[in-house]
Amino acid sequence: MTLLTRRALLAGTAASAAVHALPAFAAPPHAFKHGDFEVMVVSDGHLVLPTSFLAPEAAPEQRDALLKAAGQAGASYDSPTNITLLKHGNDLILIDMGSGDRFMPTAGKVWDNLKAAGIDKATVTKVIFTHGHPDHLWGTVDEFDEPMLPNAAFYVGATEWDFWHGDNATRGLPAERAGFVTGARRNYAAIKDRVAMIKDGDEVVPGLQIVSTPGHTQGHLSLALKGSEDLIVTGDALTHPAISFAHPEWRTTADHVPDQAVTTRLKLLDRLAADKAKLIGFHLPYPGTGVVERKAGAYRYVAAV
Ligand SMILES: [Zn+2]
């Protein structure tokens, strides 16, 4: 996208935002203030995933003990899906769009939950995507493949956009996930005239910086929000409340580039612990807010607002 069209897009967004008064956010634990931002976490429901996804190479007794600690057992487990909504100046910014109505019956609830929280879809001015997996992207369109949000500008990592549109997307994924490629292209197509490409270090609004966290997908992004300490919205760099922290070095089936995902996880956990930063994890127990502590040569997630 040229600078000129990007500027026109941003100007158009500012104009449409001025038409709508931004809604009040709910109270803690689901909403809180951070620096210049008001933050709210809205549930999109949850996914039901095979437990075998989690650390297939780990010793089963070690893995099962951690699952048990997280209240999980059996062949499948529920993975929450937390969507972050930010209020900043005249902007109402969604981080990811949820699953929509074509992925799992237990997910795709974000619009109902936003409505219940008093948020009108038409007031959302910006959407930033962490990556192109179904539970983050497929809520972009409605049942007619039209954009769900009438007034929003969309921000996608350039590397992620290129991955899903390139030949490697179909070659690089297992056959059972071929539908992910079709779905990503369908949702991206609906926003192609309203999308801006982003990369590591970009500031989408003042105090909101993009952090490259590749490995879960090729162009996976997180966000850092400035405050008295940083607030990191991690997307799927940290997906499990026990395993991702106690054994960040375990490779996970859900990661496209597992070794790179391990490197990213270790770097991110070190930053979170060293900076005493807050985090919001998309798949951590709702509302997915907490901090990271060092523990026994690894880390521990401590839920907190
Ligand atoms: Zn996910």
# chains A, B, ... in the order shown; residues from 1 in each chain; ligands from 1

call {"tool": "select_by_dssp", "arguments": {"residues": "region 154-282 of chain A", "states": "alpha helix (DSSP H)", "output": "ChimeraX atom specification"}}
result
/A:158-165,167-172,178-190,243-246,258-275

call {"tool": "residues_near_ligand", "arguments": {"ligand": "ligand 1", "cutoff": "9 Å", "atoms": "only C-alpha atoms and all ligand atoms", "output": "PyMOL selection string"}}
result
chain A and resi 47+79+81+98+131+133-136+235-236+239+254+282-283

call {"tool": "write_last_selection", "arguments": {"atoms": "C-alpha atoms", "output": "compact mmCIF listing (two decimals), in the first residue's frame"}}
result
# COMPACT_ATOMS: atom_id res chain seq x y z
CA LEU A 47 -11.58 -24.02 21.20
CA SER A 79 -8.45 -23.50 25.07
CA THR A 81 -9.91 -17.37 23.20
CA GLY A 98 -11.99 -14.39 16.62
CA HIS A 131 -1.53 -13.91 12.77
CA HIS A 133 -4.97 -18.76 12.04
CA PRO A 134 -8.75 -19.40 12.01
CA ASP A 135 -9.36 -18.51 15.68
CA HIS A 136 -7.80 -15.06 15.12
CA GLY A 235 -1.14 -13.62 20.60
CA ASP A 236 -0.08 -17.28 20.37
CA THR A 239 -0.58 -20.55 24.51
CA ALA A 254 0.39 -25.98 16.53
CA PHE A 282 -5.05 -15.02 23.79
CA HIS A 283 -5.35 -18.66 24.97

call {"tool": "closest_residue", "arguments": {"among": "A:Ser212, A:Asn82, A:Gln62, A:Gln218", "to": "Asp259 (chain A)", "atoms": "only C-alpha atoms"}}
result
A:Gln218

call {"tool": "closest_atom_pairs", "arguments": {"of": "region 181-297 of chain A", "to": "region 29-42 of chain A", "cutoff": "10 Å", "atoms": "only C-alpha atoms", "output": "tab-separated table"}}
result
residue	atom	partner	partner_atom	distance
A:Pro206	CA	A:Asp36	CA	8.9
A:Gly207	CA	A:Asp36	CA	7.7
A:Leu208	CA	A:Phe37	CA	9.2
A:Leu225	CA	A:His34	CA	7.9
A:Lys226	CA	A:Gly35	CA	6.2
A:Gly227	CA	A:Gly35	CA	4.1
A:Ser228	CA	A:Gly35	CA	6.7
A:Glu229	CA	A:Gly35	CA	8.7
A:Asp230	CA	A:His34	CA	8.7
A:Leu231	CA	A:His34	CA	7.7
A:Lys278	CA	A:His34	CA	9.8
A:Ile280	CA	A:Val41	CA	8.6
A:Phe282	CA	A:Val41	CA	9.4
A:Tyr286	CA	A:Val41	CA	8.1
A:Pro287	CA	A:Val41	CA	5.9
A:Gly288	CA	A:Val41	CA	8.0
A:Thr289	CA	A:Val41	CA	8.6

call {"tool": "closest_residue", "arguments": {"among": "A:Gly179, A:Gly281, A:Gly157, A:Pro150", "to": "Ile198 (chain A)", "atoms": "only C-alpha atoms"}}
result
A:Gly157

call {"tool": "closest_residue", "arguments": {"among": "A:Thr182, A:Ser52, A:Ser43, A:Thr170", "to": "Ala117 (chain A)", "atoms": "only C-alpha atoms"}}
result
A:Ser43

call {"tool": "select_by_dssp", "arguments": {"residues": "region 83-115 of chain A", "states": "strand (DSSP E or B)", "output": "PyMOL selection string"}}
result
chain A and resi 83-88+91-95+107

call {"tool": "atom_distance", "arguments": {"atom1": "CA of Thr213 (chain A)", "atom2": "CA of Lys126 (chain A)"}}
result
20.8 Å

call {"tool": "closest_atom_pairs", "arguments": {"of": "region 195-254 of chain A", "to": "region 292-297 of chain A", "cutoff": "10 Å", "atoms": "only C-alpha atoms", "output": "Markdown table"}}
result
| residue | atom | partner | partner_atom | distance |
| --- | --- | --- | --- | --- |
| A:Phe245 | CA | A:Val292 | CA | 8.2 |
| A:Ala246 | CA | A:Lys295 | CA | 7.9 |
| A:His247 | CA | A:Gly297 | CA | 9.6 |

call {"tool": "closest_residue", "arguments": {"among": "A:Thr217, A:Thr125, A:Thr130, A:Thr252", "to": "Met97 (chain A)", "atoms": "only C-alpha atoms"}}
result
A:Thr130
